[in-house]
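What follows is my_file-v6.cif (mmCIF, C-alpha atoms).
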data_model
#
loop_
_atom_site.label_atom_id
_atom_site.label_comp_id
_atom_site.auth_asym_id
_atom_site.auth_seq_id
_atom_site.Cartn_x
_atom_site.Cartn_y
_atom_site.Cartn_z
CA VAL A 13 -19.54 -9.11 3.23
CA THR A 14 -16.82 -11.75 3.21
CA PRO A 15 -13.76 -10.51 5.12
CA PHE A 16 -10.32 -10.80 3.60
CA PRO A 17 -8.06 -13.53 5.05
CA GLU A 18 -6.00 -12.04 7.85
CA ILE A 19 -2.24 -12.42 8.13
CA ASN A 20 -0.66 -14.43 10.92
CA GLY A 21 -0.60 -12.53 14.20
CA TYR A 22 -3.47 -10.15 13.41
CA PRO A 23 -4.66 -8.41 15.47
CA ARG A 24 -1.44 -7.70 17.30
CA ASP A 25 -1.17 -7.24 21.07
CA GLU A 26 -1.31 -3.47 21.50
CA THR A 27 -0.08 -3.70 25.08
CA VAL A 28 3.18 -5.12 23.70
CA CYS A 29 3.22 -3.09 20.47
CA SER A 30 3.21 0.27 22.22
CA ASP A 31 4.49 3.64 21.01
CA LYS A 32 7.46 3.21 23.33
CA ALA A 33 8.24 -0.18 21.81
CA PHE A 34 8.03 1.31 18.31
CA ALA A 35 10.45 4.10 19.21
CA ALA A 36 12.87 1.46 20.50
CA PHE A 37 12.45 -0.55 17.28
CA VAL A 38 13.25 2.52 15.18
CA GLN A 39 16.38 3.26 17.22
CA ALA A 40 17.52 -0.37 16.93
CA GLN A 41 17.13 -0.27 13.14
CA LYS A 42 19.01 3.01 12.95
CA ALA A 43 21.88 1.65 15.03
CA SER A 44 22.14 -1.65 13.14
CA GLY A 45 22.05 0.10 9.77
CA GLY A 46 24.43 2.90 10.75
CA TYR A 47 22.24 5.55 9.16
CA ASP A 48 23.17 9.22 9.22
CA HIS A 49 19.61 10.53 9.22
CA SER A 50 16.37 9.54 10.93
CA GLU A 51 13.08 11.42 10.60
CA SER A 52 9.42 10.80 11.40
CA VAL A 53 7.35 10.65 8.19
CA GLY A 54 3.96 10.24 9.87
CA GLU A 55 2.43 9.18 13.16
CA LEU A 56 3.16 5.53 12.38
CA ALA A 57 6.39 5.60 10.39
CA ALA A 58 10.00 6.75 10.27
CA PHE A 59 12.51 6.97 7.44
CA LEU A 60 16.22 6.29 7.93
CA TRP A 61 18.87 6.99 5.29
CA SER A 62 22.44 7.75 4.34
CA VAL A 63 24.01 8.92 1.09
CA VAL A 64 26.65 6.29 0.22
CA GLN A 65 28.98 5.49 -2.64
CA LYS A 66 28.34 2.71 -5.14
CA GLU A 67 31.80 1.19 -4.75
CA ASN A 68 31.67 -1.46 -7.48
CA ALA A 69 28.46 -3.04 -6.20
CA THR A 70 26.87 -5.55 -8.55
CA ASN A 71 23.58 -4.14 -9.77
CA ILE A 72 20.79 -6.70 -9.99
CA ASN A 73 17.27 -6.32 -11.33
CA VAL A 74 14.87 -7.12 -8.48
CA ALA A 75 12.02 -8.29 -10.70
CA GLN A 76 13.93 -10.17 -13.41
CA GLY A 77 17.23 -11.16 -11.77
CA LYS A 78 19.30 -9.61 -14.59
CA VAL A 79 22.50 -7.63 -14.24
CA ASN A 80 21.94 -3.93 -14.88
CA THR A 81 24.81 -1.46 -15.14
CA ASN A 82 22.71 1.65 -15.82
CA VAL A 83 23.11 3.29 -12.42
CA SER A 84 24.08 6.92 -12.97
CA GLY A 85 26.47 8.83 -10.72
CA ASN A 86 28.59 7.61 -7.83
CA SER A 87 26.10 8.12 -5.00
CA ILE A 88 23.13 6.00 -4.03
CA ILE A 89 20.70 6.03 -1.12
CA LYS A 90 20.91 3.48 1.64
CA GLY A 91 17.44 3.74 3.16
CA GLU A 92 14.93 2.05 5.43
CA LEU A 93 11.22 2.68 5.95
CA VAL A 94 10.05 1.62 9.43
CA ALA A 95 6.31 1.21 10.05
CA ASN A 96 4.28 0.77 13.23
CA SER A 97 2.41 -2.14 11.68
CA LEU A 98 2.41 -5.86 11.14
CA PHE A 99 3.80 -7.02 7.79
CA SER A 100 1.30 -7.69 5.04
CA TRP A 101 2.90 -5.37 2.53
CA ILE A 102 5.06 -2.25 2.70
CA SER A 103 6.10 0.16 -0.05
CA ILE A 104 8.19 3.27 -0.69
CA GLY A 105 9.16 5.21 -3.80
CA LEU A 106 8.97 8.45 -5.75
CA ARG A 107 5.62 10.22 -5.87
CA GLY A 108 4.06 10.67 -9.30
CA ASP A 109 3.30 14.06 -10.85
CA LYS A 110 -0.43 13.51 -11.26
CA ASP A 111 -3.25 15.03 -9.22
CA PHE A 112 -3.58 12.03 -6.93
CA ALA A 113 -0.52 11.04 -4.90
CA MET A 114 -0.45 7.36 -5.83
CA GLU A 115 -1.02 7.65 -9.58
CA GLY A 116 2.19 7.49 -11.59
CA SER A 117 4.37 6.84 -8.54
CA HIS A 118 7.47 4.66 -8.97
CA VAL A 119 7.68 2.29 -6.00
CA LEU A 120 9.39 -0.66 -4.39
CA VAL A 121 6.83 -3.10 -2.93
CA ALA A 122 7.48 -5.92 -0.46
CA MET A 123 4.71 -8.43 0.23
CA ASN A 124 4.72 -11.08 2.96
CA GLY A 125 4.53 -14.04 0.59
CA GLY A 126 4.49 -14.86 -3.12
CA ASN A 127 2.50 -16.02 -6.15
CA TYR A 128 0.05 -13.12 -5.90
CA THR A 129 -3.19 -13.35 -7.87
CA PRO A 130 -6.20 -10.98 -7.68
CA SER A 131 -8.49 -13.90 -6.81
CA PHE A 132 -6.42 -15.54 -4.09
CA GLY A 133 -4.03 -12.87 -2.84
CA PHE A 134 -0.49 -14.00 -1.99
CA ASP A 135 0.76 -17.25 -0.49
CA MET A 136 1.86 -16.46 3.07
CA SER A 137 3.80 -19.74 3.31
CA MET A 138 6.37 -18.37 0.84
CA ASP A 139 9.29 -16.01 1.46
CA PRO A 140 8.65 -12.27 1.04
CA THR A 141 8.54 -10.95 -2.52
CA PHE A 142 10.21 -7.71 -3.60
CA ASN A 143 9.36 -5.94 -6.86
CA GLU A 144 9.28 -2.48 -8.36
CA HIS A 145 6.20 -1.01 -10.03
CA VAL A 146 4.72 2.10 -11.60
CA ILE A 147 1.26 2.74 -10.15
CA GLY A 148 -1.36 3.24 -12.84
CA ASP A 149 -4.37 5.54 -13.08
CA SER A 150 -6.42 3.13 -10.94
CA THR A 151 -5.12 2.42 -7.46
CA PRO A 152 -6.00 -1.29 -6.83
CA PHE A 153 -2.81 -3.36 -6.89
CA ARG A 154 -4.25 -5.95 -9.28
CA LEU A 155 -4.31 -3.29 -12.01
CA TRP A 156 -0.59 -2.43 -11.76
CA ASN A 157 0.98 -5.58 -10.29
CA THR A 158 3.28 -6.31 -13.27
CA PRO A 159 6.89 -5.59 -12.18
CA ILE A 160 9.10 -3.10 -14.02
CA PRO A 161 11.76 -5.08 -15.97
CA SER A 162 14.71 -2.73 -15.39
CA SER A 163 15.99 -1.39 -12.11
CA ASP A 164 18.83 0.30 -10.27
CA MET A 165 17.90 -1.49 -7.06
CA LEU A 166 20.65 -3.54 -5.47
CA GLU A 167 18.90 -6.85 -4.85
CA SER A 168 21.32 -8.03 -2.19
CA THR A 169 20.42 -5.00 -0.06
CA VAL A 170 16.61 -5.26 -0.26
CA ASN A 171 15.33 -6.76 2.96
CA VAL A 172 12.38 -6.86 5.35
CA ASP A 173 12.87 -7.00 9.10
CA ASN A 174 9.69 -7.68 11.08
CA ASP A 175 8.44 -9.10 14.36
CA GLU A 176 5.09 -9.52 16.13
CA CYS A 177 4.61 -5.74 16.16
CA PHE A 178 6.56 -3.80 13.53
CA VAL A 179 8.11 -3.97 10.07
CA SER A 180 10.90 -2.25 8.15
CA LEU A 181 11.91 -2.30 4.47
CA SER A 182 15.56 -1.55 3.69
CA PHE A 183 17.25 -0.99 0.32
CA GLN A 184 20.11 0.64 -1.56
CA THR A 185 19.34 2.32 -4.87
CA GLY A 186 19.83 5.24 -7.21
CA SER A 187 16.27 5.03 -8.53
CA PHE A 188 12.81 3.54 -8.04
CA ALA A 189 11.33 1.57 -10.94
CA GLY A 190 13.66 3.30 -13.38
CA LYS A 191 13.04 6.85 -12.14
CA PRO A 192 16.34 8.29 -10.83
CA LEU A 193 16.70 9.94 -7.46
CA ASN A 194 17.85 13.56 -7.27
CA ILE A 195 20.50 12.75 -4.70
CA SER A 196 22.24 16.12 -4.97
CA GLY A 197 18.92 17.85 -4.26
CA GLU A 198 15.55 16.68 -3.00
CA ASP A 199 12.76 14.29 -3.94
CA LYS A 200 9.10 13.84 -3.08
CA VAL A 201 8.72 10.37 -1.57
CA ILE A 202 5.55 8.33 -1.07
CA TRP A 203 5.11 5.39 1.32
CA ALA A 204 2.34 3.07 2.51
CA ALA A 205 1.81 -0.23 4.35
CA ASN A 206 -0.84 -2.74 5.35
CA GLY A 207 -0.69 -5.01 8.39
CA LYS A 208 -3.95 -6.89 8.14
CA ASP A 209 -4.74 -9.07 5.09
CA SER A 210 -3.10 -11.17 2.38
CA PHE A 211 -4.81 -9.51 -0.60
CA MET A 212 -2.67 -6.37 -1.06
CA GLN A 213 -5.53 -4.24 0.21
CA TYR A 214 -5.98 -0.63 1.30
CA HIS A 215 -3.41 0.96 3.60
CA GLY A 216 -5.92 3.08 5.48
CA HIS A 217 -5.52 6.76 6.40
CA ASP A 218 -2.71 6.27 8.95
CA LEU A 219 -0.34 3.90 7.16
CA ARG A 220 0.50 6.17 4.24
CA GLY A 221 2.27 9.45 3.66
CA VAL A 222 4.12 11.81 1.34
CA PHE A 223 7.22 13.83 2.23
CA ASN A 224 9.97 15.88 0.64
CA VAL A 225 13.48 14.81 1.57
CA HIS A 226 16.71 16.70 0.97
CA TRP A 227 19.11 13.79 0.87
CA ASN A 228 22.38 15.46 1.82
CA ASP A 229 20.99 18.02 4.27
CA GLY A 230 19.04 15.36 6.15
CA THR A 231 15.82 17.39 6.22
CA VAL A 232 12.27 16.17 5.73
CA LYS A 233 9.08 18.16 5.15
CA LEU A 234 5.79 16.29 5.42
CA SER A 235 3.13 16.87 2.77
CA GLU A 236 -0.59 16.94 3.37
CA VAL A 237 -2.28 13.85 1.91
CA ALA A 238 -5.72 14.89 0.70
CA GLU A 239 -8.77 12.67 1.16
CA GLY A 240 -9.07 12.65 -2.64
CA ASP A 241 -5.89 10.62 -2.81
CA ASP A 242 -7.97 7.65 -1.74
CA LYS A 243 -9.82 7.80 -5.05
CA GLY A 244 -11.20 4.43 -6.02
CA VAL A 245 -10.29 2.50 -2.89
CA ASP A 246 -13.74 2.21 -1.30
CA ASN A 247 -15.32 -0.03 -3.91
CA ASP A 248 -12.45 -1.25 -6.02
CA TYR A 249 -10.93 -4.05 -3.99
CA ASP A 250 -9.03 -7.14 -5.16
CA HIS A 251 -11.02 -10.20 -4.18
CA GLY A 252 -13.47 -12.83 -5.37
CA SER A 253 -13.07 -15.68 -7.84
CA GLY A 254 -12.02 -14.58 -11.27
CA GLY A 255 -10.69 -11.30 -9.93
CA GLY A 256 -14.10 -9.89 -9.10
CA ASP A 257 -14.52 -6.98 -6.75
CA HIS A 258 -15.11 -7.38 -3.04
CA LYS A 259 -17.33 -4.57 -1.82
CA ASN A 260 -16.51 -3.15 1.57
CA GLU A 261 -18.96 -2.70 4.40
CA GLY A 262 -19.24 1.05 3.80
CA ALA A 263 -20.30 0.47 0.21
CA SER A 264 -22.80 -2.18 1.25
CA ALA A 265 -24.28 0.09 3.89
CA ALA A 266 -24.65 2.88 1.36
CA THR A 267 -26.53 0.71 -1.15
CA GLY A 268 -28.78 -0.94 1.45
CA PRO A 269 -31.34 1.91 1.87
CA MET A 270 -31.65 2.33 -1.90
CA SER A 271 -32.25 -1.39 -2.38
CA PHE A 272 -34.97 -1.33 0.29
CA ALA A 273 -36.64 1.71 -1.26
CA LEU A 274 -36.81 0.09 -4.69
CA SER A 275 -38.21 -3.13 -3.26
CA PHE A 276 -40.88 -1.29 -1.22
CA THR A 277 -41.89 0.82 -4.25
CA GLY A 278 -42.33 -2.34 -6.30
CA PHE A 279 -44.46 -3.85 -3.55
CA LEU A 280 -46.78 -0.81 -3.44
CA ILE A 281 -47.27 -0.79 -7.21
CA SER A 282 -48.10 -4.49 -7.20
CA LYS A 283 -50.58 -3.99 -4.34
CA ILE A 284 -52.37 -1.16 -6.18
CA ILE A 285 -52.73 -3.22 -9.35
CA ILE A 286 -54.00 -6.30 -7.51
CA SER A 287 -56.40 -4.22 -5.40
CA TYR A 288 -57.87 -2.68 -8.54
CA MET A 289 -58.38 -6.11 -10.08
CA PHE A 290 -60.12 -7.50 -6.99
CA GLU A 291 -62.29 -4.43 -6.45
CA SER A 292 -63.87 -4.99 -9.87
CA THR A 293 -65.04 -8.46 -8.71
CA GLY A 294 -66.17 -7.38 -5.22
CA PHE A 295 -63.17 -8.66 -3.27
CA LEU A 296 -60.87 -6.51 -1.19
CA ILE A 297 -57.33 -7.21 -0.02
#
Any chance you could give the structure as structure tokens?
Amino acid sequence: VTPFPEINGYPRDETVCSDKAFAAFVQAQKASGGYDHSESVGELAAFLWSVVQKENATNINVAQGKVNTNVSGNSIIKGELVANSLFSWISIGLRGDKDFAMEGSHVLVAMNGGNYTPSFGFDMSMDPTFNEHVIGDSTPFRLWNTPIPSSDMLESTVNVDNDECFVSLSFQTGSFAGKPLNISGEDKVIWAANGKDSFMQYHGHDLRGVFNVHWNDGTVKLSEVAEGDDKGVDNDYDHGSGGGDHKNEGASAATGPMSFALSFTGFLISKIIISYMFESTGFLI
């Protein structure tokens, strides 16, 4: 199995990137952003936010760079997702209403580079790229990587802050990929990140989560993420020339015994046939 190209700095120094250091990073981001609320949204992430007023802000489409004046209401969310991870990619948005958490979700995605292709990943020599997407019925990024053309995201506020240990994604918006936030009530939010490779690959079981947030009350309730929400990730990776699939080690290990069994069965059948032929002439093998 060919490993995916790793991002710069991987693996990180865990003696430096400790839980204590992450807690300090979260507090620093909260202080610098002046957020009203800060809650843990998993073992490896925190979400910071405030409900703020639009105040004549110019609304720019993140994906297309076009002015968009379709923000509804006077309030928007100033938010920041902070992850205990290096920065390959990081994402947050509104969970979809399908059986699996990712499917149909409206998300903001930041990747640590640009010019993404399924065959070559993204170019890590470029500046980070920010786009909004709707996740399709299949979870691999290559199948839903086309950005949504209209947005309420304020481009000037979308930013990534990262160091040799941690990453945060900040934004101000009234919606994700065209789906409006219920700022006067609550929303179900989904997040994920990857701190390893440059191919927009799987977030793993720790760097993902779902939570309900009541924006004004400042309360968060974590949701259980079922194992089934990883549907399709084991064998459906983005890699290989021409966009072919890169099978992971688990998949290879699973197919190995079957391949051996088929080969050995073929060998036995061949041996029986040859033995029969030679027995008729007085030779044994």
Problem set entry | Straight-line distance linking CA of Trp203 in chain A with CA of Leu166 in chain A, stated in Å to one decimal |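 Separating CA of Trp203 in chain A from CA of Leu166 in chain A is a distance of 19.2 Å.
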Check your understanding: In Å, how far is it from CA of Tyr47 in chain A to CA of Leu60 in chain A?
Key ->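 Between CA of Tyr47 in chain A and CA of Leu60 in chain A the gap works out to 6.2 Å.
Among the candidate residues A:Val119, A:Leu56, A:Ile102, A:Val146, the one lying nearest to Val201 in chain A is A:Val119, with distances computed using all atoms listed in the file.
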CA of Asn143 in chain A sits from CA of Ala95 in chain A at a separation of 18.6 Å
Check which residues of range 148-215 of chain A sit at most 10 Å from range 103-117 of chain A using all atoms listed in the file, and return one row each with the closest pair of atoms and their distance in Å to one decimal, ordered by chain and rising number, as a Markdown table.
| residue | atom | partner | partner_atom | distance |
| --- | --- | --- | --- | --- |
| A:Gly148 | CA | A:Glu115 | CA | 5.5 |
| A:Asp149 | CA | A:Glu115 | CA | 5.3 |
| A:Ser150 | CA | A:Glu115 | CA | 7.2 |
| A:Thr151 | CA | A:Glu115 | CA | 7.0 |
| A:Ser180 | CA | A:Ser103 | CA | 9.8 |
| A:Leu181 | CA | A:Ser103 | CA | 7.8 |
| A:Ser182 | CA | A:Ile104 | CA | 9.8 |
| A:Ser187 | CA | A:Leu106 | CA | 8.5 |
| A:Phe188 | CA | A:Gly105 | CA | 5.8 |
| A:Ala189 | CA | A:Gly105 | CA | 8.3 |
| A:Lys191 | CA | A:Leu106 | CA | 7.7 |
| A:Pro192 | CA | A:Leu106 | CA | 9.0 |
| A:Leu193 | CA | A:Leu106 | CA | 8.1 |
| A:Asp199 | CA | A:Leu106 | CA | 7.2 |
| A:Lys200 | CA | A:Arg107 | CA | 5.7 |
| A:Val201 | CA | A:Leu106 | CA | 4.6 |
| A:Ile202 | CA | A:Arg107 | CA | 5.2 |
| A:Trp203 | CA | A:Ile104 | CA | 4.2 |
| A:Ala204 | CA | A:Ser103 | CA | 5.4 |
| A:Ala205 | CA | A:Ser103 | CA | 6.2 |
| A:Asn206 | CA | A:Ser103 | CA | 9.3 |
Store the residues picked out above in a file with C-alpha atoms, as a short mmCIF file (atom, residue, chain, number, x, y, z; two decimals), keeping the file's coordinate frame.
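To be explicit, this is the file written out as selection_36.cif:
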data_model
loop_
_atom_site.label_atom_id
_atom_site.label_comp_id
_atom_site.auth_asym_id
_atom_site.auth_seq_id
_atom_site.Cartn_x
_atom_site.Cartn_y
_atom_site.Cartn_z
CA GLY A 148 -1.36 3.24 -12.84
CA ASP A 149 -4.37 5.54 -13.08
CA SER A 150 -6.42 3.13 -10.94
CA THR A 151 -5.12 2.42 -7.46
CA SER A 180 10.90 -2.25 8.15
CA LEU A 181 11.91 -2.30 4.47
CA SER A 182 15.56 -1.55 3.69
CA SER A 187 16.27 5.03 -8.53
CA PHE A 188 12.81 3.54 -8.04
CA ALA A 189 11.33 1.57 -10.94
CA LYS A 191 13.04 6.85 -12.14
CA PRO A 192 16.34 8.29 -10.83
CA LEU A 193 16.70 9.94 -7.46
CA ASP A 199 12.76 14.29 -3.94
CA LYS A 200 9.10 13.84 -3.08
CA VAL A 201 8.72 10.37 -1.57
CA ILE A 202 5.55 8.33 -1.07
CA TRP A 203 5.11 5.39 1.32
CA ALA A 204 2.34 3.07 2.51
CA ALA A 205 1.81 -0.23 4.35
CA ASN A 206 -0.84 -2.74 5.35
#
Next on the checklist: Restricting the calculation to only C-alpha atoms: of A:Ala35, A:Val232, A:Leu155, A:Ala122, which residue gets closest to Glu198 in chain A?
Outcome noted: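 Closest candidate: A:Val232.
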